[in-house]
Amino acid sequence: MEYEDVLRQHLGEFGRYQKLAALLTVLVGPSVGATMFAQAFLAATPAHHCRLYPNDSSAMYGHPSERLNSSVPMENVGGRWRYSSCLMHNGTSETSTESNQTATCNHGWEYDQSVYHSTVVTDYDLVCERHWLKELGQSIFMVGVAAGGLISGTTSDRFGRRPTVVACIILQLISGLAAAFTTDYVTFLVLRLLAGGAANGAFYVGLTLGIEVIGSSKRNVVGMTISSSWNPGAVFLAGLAYFLRDWWSLQLAVSLMSVPLLSYWWLLPESPRWLLSNNRIKKAKISIQKAAKFNRVTIPDEVYDKVITKAKDKEPGEKFKKYSLVDLFRGPRLRRFTVTVSLVWFATVVVYYALIIGSADLAGDPYLNFVLGALLEWGLSFVGLVAMEKWGRRPVVGGFLFLTGAACLAVASTPTERQDVIRYISLLGRCAIGVAFNCLAMYSPEVLPTVVRTMGVGVANMWSRAGGILSPFVSLLADVSPPLPMLTFGILCTLGGAGVFSLPETFGIPLPDTLEDGEKLGRKQPTKIVKTERRTASKRDSDHDLSYIGPAIVSGHVIRDNGVLYLT
């Protein structure tokens with residue numbers, strides 16, 4: 001008997017135990033979301049111009065105007081004239097300039113403090129010729145996120161879901177707190193790299209744990225709820241940033257969001273599915289017994305015997321096998337699933353960061369714009385949830401990627417003077433890629449078997465973050481030809497959508513547990529249902545036989561061969 005059968009027939013697919021486990025994994029999301037998006041405020045770049053004299057301070061920004069008029073040249077940016085951010089007149093004196101020649105800022109910069117009191121950019125002067133250091137910081141953070149996904153996936157499949165999530169929470173808290181008190185930029189980058197890796201590991205291993213403890217009929221709702229759970233964290237981040245205008249205090253507050261999660265050392269359960277797949281029979285039985293007690297149900301002893309027998313019924317060489325990344329590429333179908341999921345993630349995240357995270361800020365209050373963007377994506381996640389409940393995983397993920405690709409190609413072919421048309425089509429693309437991103441986060445773990453699931457998700461996540469690192473560089477193709485970035489994004493989304501349709505549909509299907517299950521996923525083959533005595537079949541006999549499997553029959557034909565029922 002499989003664990004899925006225990007859920008459906010005895011324990012319950014979504015009892016009190018499963019609801020508690022799902023809630024605990026959902027609550028990981030807000031702190032992860034705040035950590036992921038904190039760079040938008042930690043490294044914000046306010047308006048600035050050259051500091052005129054060594055003893056001036058940032059409080060002198062814009063004052064007095066007569067000094068600026070004589071010392072800082074004007075420049076046209078987007079049709080508006082403003083003081084130059086990176087140049088000043090040569091020979092600046094108290095009264096006038098000696099010439100109209102300009103030079104770079106010799107004494108640093110003065111920053112506008114009306115929106116941000118201090119950021120990493122203002123403290124370490126990451127502007128003008130040092131602006132690339134800010135972009136480098138975001139790339140390094142994404143490197144940490146990618147490495148965290150891969151490492152946490154490996155440790156989760158080797159040592160368990162629960163200890164990996166707890167370890168990531170502790171590392172996220174420690175590195176985040178330390179980052180708030182750094183005094184140099186290099187140390188800050190290293191600590192943010194660690195925090196990003198830990199946050200990503202906690203989120204995706206938690207997502208895997210959440211969908212493993214529940215029945216297949218509830219995976220869609222729970223998976224989408226977990227995958228969109230960092231959106232409330234983004235909203236909360238904007239609120240914190242509004243009241244905490246210094247970067248170090250904001251970083252400290254974001255880190256403290258992880259403190260309540262330390263209770264997961266005692267509260268978070270281990271995945272019984274993982275325990276059974278790794279031959280942890282005794283612990284698996286204890287875990288199922290606790291779940292049954294919490295759900296107020298009684299599971300007969302013979303059910304435990306059947307589950308244990310099934311778990312022990314492995315090939316001799318696999319009974320105590322420790323799985324590695326190599327196992328993702330042993331079988332031809334599992335190898336194809338792993339490569340396809342990774343490439344789809346790469347394409348999705350390249351476009352996601354370009355259209356949503358890396359797009360130009362809207363005019364108006366930056367805090368309000370950030371909240372509105374997070375709420376929009378949160379609402380679209382529920383659109384994807386309803387769509388997947390009705391049409392399945394592949395049509396929704398692939399369809400929204402195709403829609404995003406069409407929007408990007410339409411923008412690339414629209415004349416640049418039609419900015420009103422470009423704006424609306426771009427908004428359509430942003431909405432579509434947001435739905436595809438959240439649905440893919442829920443779909444991709446389902447195509448991988450339990451024994452290597454989080455390793456596979458880690459590999460895919462590493463490729464996705466590579467996309468996040470490269471996304472700003474794709475946008476720079478506009479210097480070569482303005483339509484080129486959108487043309488690239490459109491092609492990537494179209495190829496990603498085609499890749500999704502090459503994957504198996506997983507809606508309403510039990511999760512694969514072993515490598516053999518992963519190879520069989522999506523294959524059409526007769527499935528033995530029940531053995532009966534050999535006799536002439538009647539309608540009543542067939543009805544009785546079919547009632548044995550209940551909801552397992554979704555569609556197809558039932559045939560009888562030599563007294564055995566098969567579902568095809």
# chains A, B, ... in the order shown; residues from 1 in each chain; ligands from 1
call {"tool": "select_by_dssp", "arguments": {"residues": "segment 187-400 of chain A", "states": "helix (DSSP H, G or I)", "output": "MDAnalysis selection string"}}
result
chainID A and resid 187:212 216:227 230:243 247:256 259:267 272:277 281:295 301:312 316:318 325:329 332:357 366:391 393:400
call {"tool": "closest_atom_pairs", "arguments": {"of": "segment 237-302 of chain A", "to": "segment 188-199 of chain A", "cutoff": "12 Å", "atoms": "only C-alpha atoms", "output": "tab-separated table"}}
result
residue	atom	partner	partner_atom	distance
A:Trp247	CA	A:Phe188	CA	11.7
A:Trp248	CA	A:Phe188	CA	10.6
A:Gln251	CA	A:Arg192	CA	10.0
A:Val254	CA	A:Ala195	CA	11.0
A:Ser255	CA	A:Ala195	CA	9.1
A:Met257	CA	A:Ala199	CA	11.8
A:Ser258	CA	A:Ala199	CA	9.8
call {"tool": "write_last_selection", "arguments": {"atoms": "N, CA and C atoms", "output": "mmCIF file, in the first residue's frame"}}
result
data_model
loop_
_atom_site.group_PDB
_atom_site.id
_atom_site.type_symbol
_atom_site.label_atom_id
_atom_site.label_comp_id
_atom_site.auth_asym_id
_atom_site.auth_seq_id
_atom_site.Cartn_x
_atom_site.Cartn_y
_atom_site.Cartn_z
ATOM 1 N N TRP A 247 18.686 52.299 5.849
ATOM 2 C CA TRP A 247 18.805 50.942 5.327
ATOM 3 C C TRP A 247 19.120 49.930 6.411
ATOM 4 N N TRP A 248 19.966 50.292 7.368
ATOM 5 C CA TRP A 248 20.377 49.315 8.378
ATOM 6 C C TRP A 248 19.214 48.940 9.293
ATOM 7 N N GLN A 251 16.986 46.582 7.268
ATOM 8 C CA GLN A 251 17.596 45.251 7.197
ATOM 9 C C GLN A 251 17.427 44.511 8.525
ATOM 10 N N VAL A 254 13.711 43.367 8.780
ATOM 11 C CA VAL A 254 13.436 42.235 7.884
ATOM 12 C C VAL A 254 14.005 40.943 8.461
ATOM 13 N N SER A 255 15.191 41.010 9.033
ATOM 14 C CA SER A 255 15.814 39.819 9.617
ATOM 15 C C SER A 255 15.023 39.302 10.809
ATOM 16 N N MET A 257 11.987 39.182 11.227
ATOM 17 C CA MET A 257 10.780 38.463 10.823
ATOM 18 C C MET A 257 10.979 36.947 10.908
ATOM 19 N N SER A 258 12.230 36.492 10.922
ATOM 20 C CA SER A 258 12.517 35.056 10.985
ATOM 21 C C SER A 258 12.517 34.514 12.404
#
call {"tool": "atom_distance", "arguments": {"atom1": "atom CA of Ser118 of chain A", "atom2": "atom CA of Pro30 of chain A"}}
result
24.4 Å
call {"tool": "closest_residue", "arguments": {"among": "A:Val500, A:Asn461, A:Glu129, A:Pro449", "to": "Gly331 of chain A", "atoms": "only C-alpha atoms"}}
result
A:Pro449
call {"tool": "residues_around", "arguments": {"residues": "segment 373-375 of chain A", "least_positions_apart": "6", "cutoff": "7 Å", "atoms": "only C-alpha atoms", "output": "PyMOL selection string"}}
result
chain A and resi 231+234-235
call {"tool": "write_last_selection", "arguments": {"atoms": "C-alpha atoms", "output": "compact mmCIF listing (two decimals), in the first residue's frame"}}
result
# COMPACT_ATOMS: atom_id res chain seq x y z
CA ASN A 231 3.65 38.44 -1.66
CA ALA A 234 6.55 42.17 -0.05
CA VAL A 235 3.59 44.25 1.11
call {"tool": "closest_residue", "arguments": {"among": "A:Thr164, A:Ser426, A:Gln289, A:Ser464", "to": "Asp301 of chain A", "atoms": "only C-alpha atoms"}}
result
A:Gln289
call {"tool": "residues_around", "arguments": {"residues": "Met74 of chain A", "least_positions_apart": "3", "cutoff": "7 Å", "atoms": "only C-alpha atoms", "output": "number ranges by chain"}}
result
A: 81-84
call {"tool": "write_last_selection", "arguments": {"atoms": "N, CA and C atoms", "output": "tab-separated table (two decimals), in the first residue's frame"}}
result
chain	number	residue	atom	x	y	z
A	81	TRP	N	15.18	69.20	-17.62
A	81	TRP	CA	16.49	69.72	-17.22
A	81	TRP	C	16.65	69.60	-15.71
A	82	ARG	N	17.83	69.14	-15.33
A	82	ARG	CA	18.14	68.99	-13.91
A	82	ARG	C	19.64	69.15	-13.71
A	83	TYR	N	20.04	69.33	-12.43
A	83	TYR	CA	21.47	69.40	-12.13
A	83	TYR	C	22.13	68.06	-12.44
A	84	SER	N	23.31	68.11	-13.00
A	84	SER	CA	24.05	66.90	-13.34
A	84	SER	C	24.33	66.07	-12.09
call {"tool": "residues_around", "arguments": {"residues": "Thr183 of chain A", "least_positions_apart": "3", "cutoff": "12 Å", "atoms": "only C-alpha atoms", "output": "PyMOL selection string"}}
result
chain A and resi 120+123-124+178-180+186-189+248
